[in-house]
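Note sheet for the following structure.
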Amino acid sequence: MAGLLSNKNFKITNGDKIVYLNSLANKAKSKGQKVINATVGMLYDENGELSNISFVDDIIKNAPKDVKKYGSISGGKDFSDALYSWLFSNVTLDKINYYIIATFGATAALSLSIKNYCSSSQEVLVPSIRWSNYDTISKMACCEVKEYNLFNGNDKLDIESIKHVVNESIKKHQRAYLLINDPCQNPTGYTLEINEWKELLSFLKEKSNEGPIVLLDDIAYLNYSETNYEKVFALFNEYIDENFMIHVTFSASKTLGIYGYRGGALIGLCKNKVDLDDFKVSCEGSARGIWSMPNSLTCRIITEIFKDPEKEKIVREDIKKYRLLLKERADLFFEECEMVGLVTYPYNGGFFVLIPCEEPELICDKLIKKNVFAVPMSGGLRVALSSLSKKEITGLAKIIKNVMR
Ligand code: PLP
């Protein structure tokens, strides 16, 4: 007899390991236990308060009644102009047509992109070390995932491995969809060097003569990077081509610390107007069928802050302050790692550090017994520096090293 679930049901245990471990840590904490919760990608200050970006609370408190109304599917022109200016105001994108769609976080942006640009059973080409939700999002879109090696053995991007999987995809499907998470990759904190970007983009442009290629750059942690990312956007402008489209996913959760408000965007960059129209129609069409309209309040927060140069300046200073705080935490953690001989993957900035280990699940379980919560991931154990104070970080490397012995 058929069960209650449909034949296209989507079971994933505990929602997601990250969410599950975070809830375990919170449960232990609520029982009064002393807990180190290094699970979730939210940024907390040294007092355990969520990061606080200027103007956000005021905009929420003083929002007009209008935000109760449906907005437009894309978020509207003001939203688009404001986000465009936040990301691209200092770069010339004269060879690019763009369209911006407001989404429920970068998660929904990824979902729209993969659903509309990676055919059923085609592989989303993902790094061997990655944010686990890419797999879930791909599966939801009826796509497989295929891994390329993230690192080449010399702590640099394994571009040869990327070339290999792209070649294979073109051979098999006559098209390719490549996902990069840069800068401050989750979970390693790695940021591509400009030369790596050049080599990658030049390869993809050339290869797109053999079949359509979409590159998605997930820039969720953009503002926690020291890199001048406008140089990367300028390369997008240089290498974009008829058959080579670039998608960028933006996260308001990470940028403005409004995780629960679910704000984000999918930005389509392409050479031809006709491809842009396809992007608009297909992505807005599927957005309409899933969440219908974006969150008007979130769109308002983004618009009000990014469209006003004075507010923007203050908010960039706020984010810089948090970026420096993360750097202090990372410096402290790495100093102690060195003292106890704990190795990590290359880290250039951002919320997370990844410690390579053979059996991350086992290490995670052993740490839980000590009320230390970190996340087992492909390639190692992820520690969220974003959610730990410097006091909590002190001694953590030693605890992990001892458990790994
Ligand atoms: N991309 C990466 C790499 C992430 O780590 C996350 C969240 O943790 C997201 C995207 C999605 O964030 P949100 O949907 O909250 O914008």
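Each chain of the structure tokens is named A, B, ... in the order shown, its residues numbered from 1; ligands are numbered from 1 in display order.
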
Sel. of strand (DSSP E) residues, region 238-355 of chain A, as a VMD selection string
chain A and resid 244 to 251 264 to 270 352 to 355

Would you list, as a list of chain:residue names, the residues of region 180-216 of chain A that end up in alpha helix (DSSP H) under DSSP run on this structure's backbone?
A:Ile194, A:Asn195, A:Glu196, A:Trp197, A:Lys198, A:Glu199, A:Leu200, A:Leu201, A:Ser202, A:Phe203, A:Leu204, A:Lys205, A:Glu206, A:Lys207

Do a neighbour search on region 348-364 of chain A at 6 Å with only C-alpha atoms, toss out local chain neighbours closer than 3 positions, and write the hits as a tab-separated table (two decimals) with N, CA, C and O atoms, in the first residue's frame.
```tsv
chain	number	residue	atom	x	y	z
A	184	CYS	N	35.72	34.35	1.41
A	184	CYS	CA	35.52	33.79	2.75
A	184	CYS	C	34.64	32.55	2.70
A	184	CYS	O	33.58	32.48	3.34
A	187	PRO	N	33.07	26.20	4.38
A	187	PRO	CA	33.49	26.37	5.77
A	187	PRO	C	34.96	26.71	5.99
A	187	PRO	O	35.38	26.71	7.15
A	188	THR	N	35.74	26.99	4.95
A	188	THR	CA	37.18	27.14	5.21
A	188	THR	C	37.63	28.57	5.49
A	188	THR	O	38.64	28.79	6.15
A	189	GLY	N	36.91	29.56	4.92
A	189	GLY	CA	37.38	30.95	5.02
A	189	GLY	C	38.34	31.31	3.89
A	189	GLY	O	38.93	32.38	3.89
A	190	TYR	N	38.45	30.41	2.90
A	190	TYR	CA	39.36	30.67	1.77
A	190	TYR	C	38.78	31.72	0.82
A	190	TYR	O	37.58	31.75	0.58
A	191	THR	N	39.66	32.58	0.30
A	191	THR	CA	39.27	33.57	-0.71
A	191	THR	C	40.17	33.41	-1.93
A	191	THR	O	41.39	33.35	-1.79
A	224	TYR	N	32.88	40.50	4.80
A	224	TYR	CA	33.82	40.11	5.85
A	224	TYR	C	35.19	39.80	5.26
A	224	TYR	O	36.07	39.27	5.92
A	225	SER	N	35.38	40.18	3.99
A	225	SER	CA	36.64	39.94	3.31
A	225	SER	C	37.45	41.23	3.24
A	225	SER	O	36.90	42.31	3.06
A	344	THR	N	44.78	23.69	10.25
A	344	THR	CA	43.50	24.11	9.65
A	344	THR	C	43.68	24.28	8.15
A	344	THR	O	44.80	24.34	7.66
A	345	TYR	N	42.58	24.36	7.44
A	345	TYR	CA	42.64	24.71	6.01
A	345	TYR	C	42.98	26.20	5.89
A	345	TYR	O	42.80	26.95	6.86
A	367	LEU	N	33.26	15.79	21.24
A	367	LEU	CA	33.22	17.18	21.73
A	367	LEU	C	31.90	17.49	22.42
A	367	LEU	O	31.86	18.24	23.40
A	376	PRO	N	30.49	18.70	11.95
A	376	PRO	CA	31.23	17.84	11.04
A	376	PRO	C	30.81	18.12	9.60
A	376	PRO	O	29.61	18.22	9.32
A	379	GLY	N	35.30	16.97	4.76
A	379	GLY	CA	36.70	17.40	4.90
A	379	GLY	C	37.14	17.75	6.31
A	379	GLY	O	38.33	17.93	6.55
A	380	GLY	N	36.23	17.88	7.25
A	380	GLY	CA	36.71	18.22	8.59
A	380	GLY	C	35.65	18.72	9.55
A	380	GLY	O	34.44	18.54	9.35
A	381	LEU	N	36.14	19.38	10.57
A	381	LEU	CA	35.26	19.89	11.63
A	381	LEU	C	35.22	21.42	11.52
A	381	LEU	O	36.25	22.08	11.54
A	382	ARG	N	33.99	21.97	11.42
A	382	ARG	CA	33.87	23.42	11.23
A	382	ARG	C	33.64	24.12	12.57
A	382	ARG	O	32.76	23.75	13.33
A	383	VAL	N	34.44	25.15	12.80
A	383	VAL	CA	34.29	25.96	14.01
A	383	VAL	C	33.81	27.35	13.57
A	383	VAL	O	34.45	28.02	12.77
A	384	ALA	N	32.66	27.78	14.10
A	384	ALA	CA	32.12	29.10	13.75
A	384	ALA	C	32.71	30.15	14.69
A	384	ALA	O	32.25	30.31	15.83
A	385	LEU	N	33.73	30.84	14.21
A	385	LEU	CA	34.33	31.92	15.01
A	385	LEU	C	33.32	33.04	15.23
A	385	LEU	O	33.40	33.79	16.19
A	386	SER	N	32.36	33.11	14.30
A	386	SER	CA	31.36	34.18	14.34
A	386	SER	C	30.53	34.14	15.63
A	386	SER	O	30.04	35.17	16.08
```

Protein and nucleic acid residues within 6 Å of ligand 1 (only C-alpha atoms and all ligand atoms) as a VMD selection string:
chain A and resid 41 105 to 107 131 186 218 220 251 to 253 259 264

Keeping only all heavy atoms, take the residues you just selected and write them out as a compact mmCIF listing (two decimals), in the first residue's frame.
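Output below, filename again28.txt:
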```
# COMPACT_ATOMS: atom_id res chain seq x y z
N GLY A 41 26.12 29.91 11.64
CA GLY A 41 26.72 31.07 10.98
C GLY A 41 25.99 32.36 11.27
O GLY A 41 25.46 33.01 10.37
N GLY A 105 16.55 35.27 1.51
CA GLY A 105 17.93 34.91 1.81
C GLY A 105 18.66 34.44 0.56
O GLY A 105 18.05 34.27 -0.51
N ALA A 106 19.97 34.25 0.72
CA ALA A 106 20.76 33.72 -0.39
C ALA A 106 20.33 32.29 -0.71
O ALA A 106 20.48 31.81 -1.84
CB ALA A 106 22.25 33.76 -0.05
N THR A 107 19.78 31.60 0.29
CA THR A 107 19.32 30.23 0.08
C THR A 107 18.30 30.17 -1.06
O THR A 107 18.42 29.35 -1.97
CB THR A 107 18.65 29.69 1.38
OG1 THR A 107 19.56 29.85 2.45
CG2 THR A 107 18.26 28.23 1.25
N TRP A 131 29.41 24.24 2.01
CA TRP A 131 28.22 24.40 2.85
C TRP A 131 27.25 23.28 2.47
O TRP A 131 26.89 23.13 1.28
CB TRP A 131 27.60 25.77 2.54
CG TRP A 131 26.40 26.12 3.36
CD1 TRP A 131 26.24 25.95 4.70
CD2 TRP A 131 25.19 26.74 2.89
NE1 TRP A 131 25.02 26.43 5.09
CE2 TRP A 131 24.35 26.91 4.00
CE3 TRP A 131 24.75 27.17 1.65
CZ2 TRP A 131 23.09 27.49 3.90
CZ3 TRP A 131 23.49 27.75 1.55
CH2 TRP A 131 22.67 27.91 2.66
N ASN A 186 32.59 29.26 2.96
CA ASN A 186 32.06 28.45 4.04
C ASN A 186 32.30 26.99 3.65
O ASN A 186 31.81 26.59 2.60
CB ASN A 186 30.55 28.72 4.20
CG ASN A 186 29.91 27.86 5.26
OD1 ASN A 186 30.56 27.10 5.96
ND2 ASN A 186 28.59 27.97 5.39
N ASP A 218 28.53 32.60 -4.98
CA ASP A 218 27.79 32.84 -3.75
C ASP A 218 28.64 33.78 -2.87
O ASP A 218 29.64 33.36 -2.28
CB ASP A 218 27.53 31.51 -3.04
CG ASP A 218 26.80 31.67 -1.72
OD1 ASP A 218 26.48 32.81 -1.33
OD2 ASP A 218 26.55 30.64 -1.05
N ALA A 220 27.87 35.36 -0.11
CA ALA A 220 27.20 35.59 1.18
C ALA A 220 28.09 36.34 2.18
O ALA A 220 27.62 37.19 2.94
CB ALA A 220 26.74 34.26 1.78
N SER A 251 23.34 37.84 0.42
CA SER A 251 22.65 37.49 1.67
C SER A 251 22.53 38.70 2.59
O SER A 251 23.53 39.25 3.05
CB SER A 251 23.43 36.38 2.39
OG SER A 251 22.92 36.23 3.70
N ALA A 252 21.29 39.10 2.86
CA ALA A 252 21.08 40.19 3.83
C ALA A 252 21.29 39.68 5.25
O ALA A 252 21.61 40.44 6.16
CB ALA A 252 19.67 40.77 3.69
N SER A 253 21.13 38.35 5.43
CA SER A 253 21.37 37.76 6.75
C SER A 253 22.78 38.10 7.20
O SER A 253 23.00 38.63 8.30
CB SER A 253 21.27 36.23 6.70
OG SER A 253 20.14 35.80 6.02
N TYR A 259 19.12 37.72 10.00
CA TYR A 259 18.98 36.32 9.57
C TYR A 259 17.52 35.88 9.47
O TYR A 259 17.10 35.28 8.50
CB TYR A 259 19.74 35.42 10.54
CG TYR A 259 21.17 35.88 10.77
CD1 TYR A 259 21.47 36.79 11.80
CD2 TYR A 259 22.20 35.43 9.96
CE1 TYR A 259 22.77 37.23 12.01
CE2 TYR A 259 23.50 35.86 10.17
CZ TYR A 259 23.77 36.76 11.19
OH TYR A 259 25.05 37.21 11.39
N GLY A 264 17.53 38.64 0.74
CA GLY A 264 18.65 38.31 -0.14
C GLY A 264 18.29 38.65 -1.56
O GLY A 264 17.25 39.28 -1.82
```

Report the closest atom pair, with its distance in Å rounded to one decimal, for each residue of region 23-104 of chain A that has an atom no farther than 8 Å from region 307-310 of chain A; count only C-alpha atoms, sort by chain and then rising residue number, and write it as a tab-separated table.
```
residue	atom	partner	partner_atom	distance
A:Asp78	CA	A:Lys307	CA	7.9
A:Asp81	CA	A:Lys307	CA	7.4
A:Ala82	CA	A:Lys307	CA	4.6
A:Leu83	CA	A:Lys307	CA	7.8
A:Ser85	CA	A:Lys307	CA	7.3
A:Trp86	CA	A:Lys307	CA	7.9
```

Non-local contacts of Gln122 (chain A) (12 Å; only C-alpha atoms; under 2 positions in same chain excluded) as a PyMOL selection string
chain A and resi 114-120+124-125+138-139+141-146+165-166+168-178

Go ahead and write the residues just picked, C-alpha atoms, as a PDB file, in the first residue's frame.
```pdb
ATOM      1  CA  ILE A 114      19.780  26.069  -9.779  1.00  0.00           C
ATOM      2  CA  LYS A 115      16.160  25.308 -10.567  1.00  0.00           C
ATOM      3  CA  ASN A 116      16.155  27.438 -13.698  1.00  0.00           C
ATOM      4  CA  TYR A 117      19.695  26.951 -14.988  1.00  0.00           C
ATOM      5  CA  CYS A 118      20.727  23.400 -14.128  1.00  0.00           C
ATOM      6  CA  SER A 119      18.678  20.827 -16.040  1.00  0.00           C
ATOM      7  CA  SER A 120      17.115  17.808 -14.281  1.00  0.00           C
ATOM      8  CA  VAL A 124      25.692  21.171 -10.046  1.00  0.00           C
ATOM      9  CA  LEU A 125      29.489  21.335  -9.885  1.00  0.00           C
ATOM     10  CA  SER A 138      20.326  20.880  -5.659  1.00  0.00           C
ATOM     11  CA  LYS A 139      18.299  17.843  -4.698  1.00  0.00           C
ATOM     12  CA  ALA A 141      15.795  21.150  -7.970  1.00  0.00           C
ATOM     13  CA  CYS A 142      16.091  17.477  -9.112  1.00  0.00           C
ATOM     14  CA  CYS A 143      19.801  17.944  -9.845  1.00  0.00           C
ATOM     15  CA  GLU A 144      22.772  15.841  -8.896  1.00  0.00           C
ATOM     16  CA  VAL A 145      25.925  17.296  -7.370  1.00  0.00           C
ATOM     17  CA  LYS A 146      29.408  16.553  -8.624  1.00  0.00           C
ATOM     18  CA  VAL A 165      34.398  18.520 -14.097  1.00  0.00           C
ATOM     19  CA  VAL A 166      33.322  21.304 -16.460  1.00  0.00           C
ATOM     20  CA  GLU A 168      32.925  16.239 -18.280  1.00  0.00           C
ATOM     21  CA  SER A 169      29.644  18.093 -17.863  1.00  0.00           C
ATOM     22  CA  ILE A 170      29.904  19.654 -21.305  1.00  0.00           C
ATOM     23  CA  LYS A 171      30.627  16.225 -22.786  1.00  0.00           C
ATOM     24  CA  LYS A 172      27.748  14.572 -20.972  1.00  0.00           C
ATOM     25  CA  HIS A 173      25.092  17.302 -20.971  1.00  0.00           C
ATOM     26  CA  GLN A 174      26.397  19.851 -23.496  1.00  0.00           C
ATOM     27  CA  ARG A 175      26.208  22.436 -20.698  1.00  0.00           C
ATOM     28  CA  ALA A 176      27.695  23.159 -17.270  1.00  0.00           C
ATOM     29  CA  TYR A 177      26.651  24.827 -14.010  1.00  0.00           C
ATOM     30  CA  LEU A 178      29.523  25.700 -11.682  1.00  0.00           C
TER      31      LEU A 178
END
```
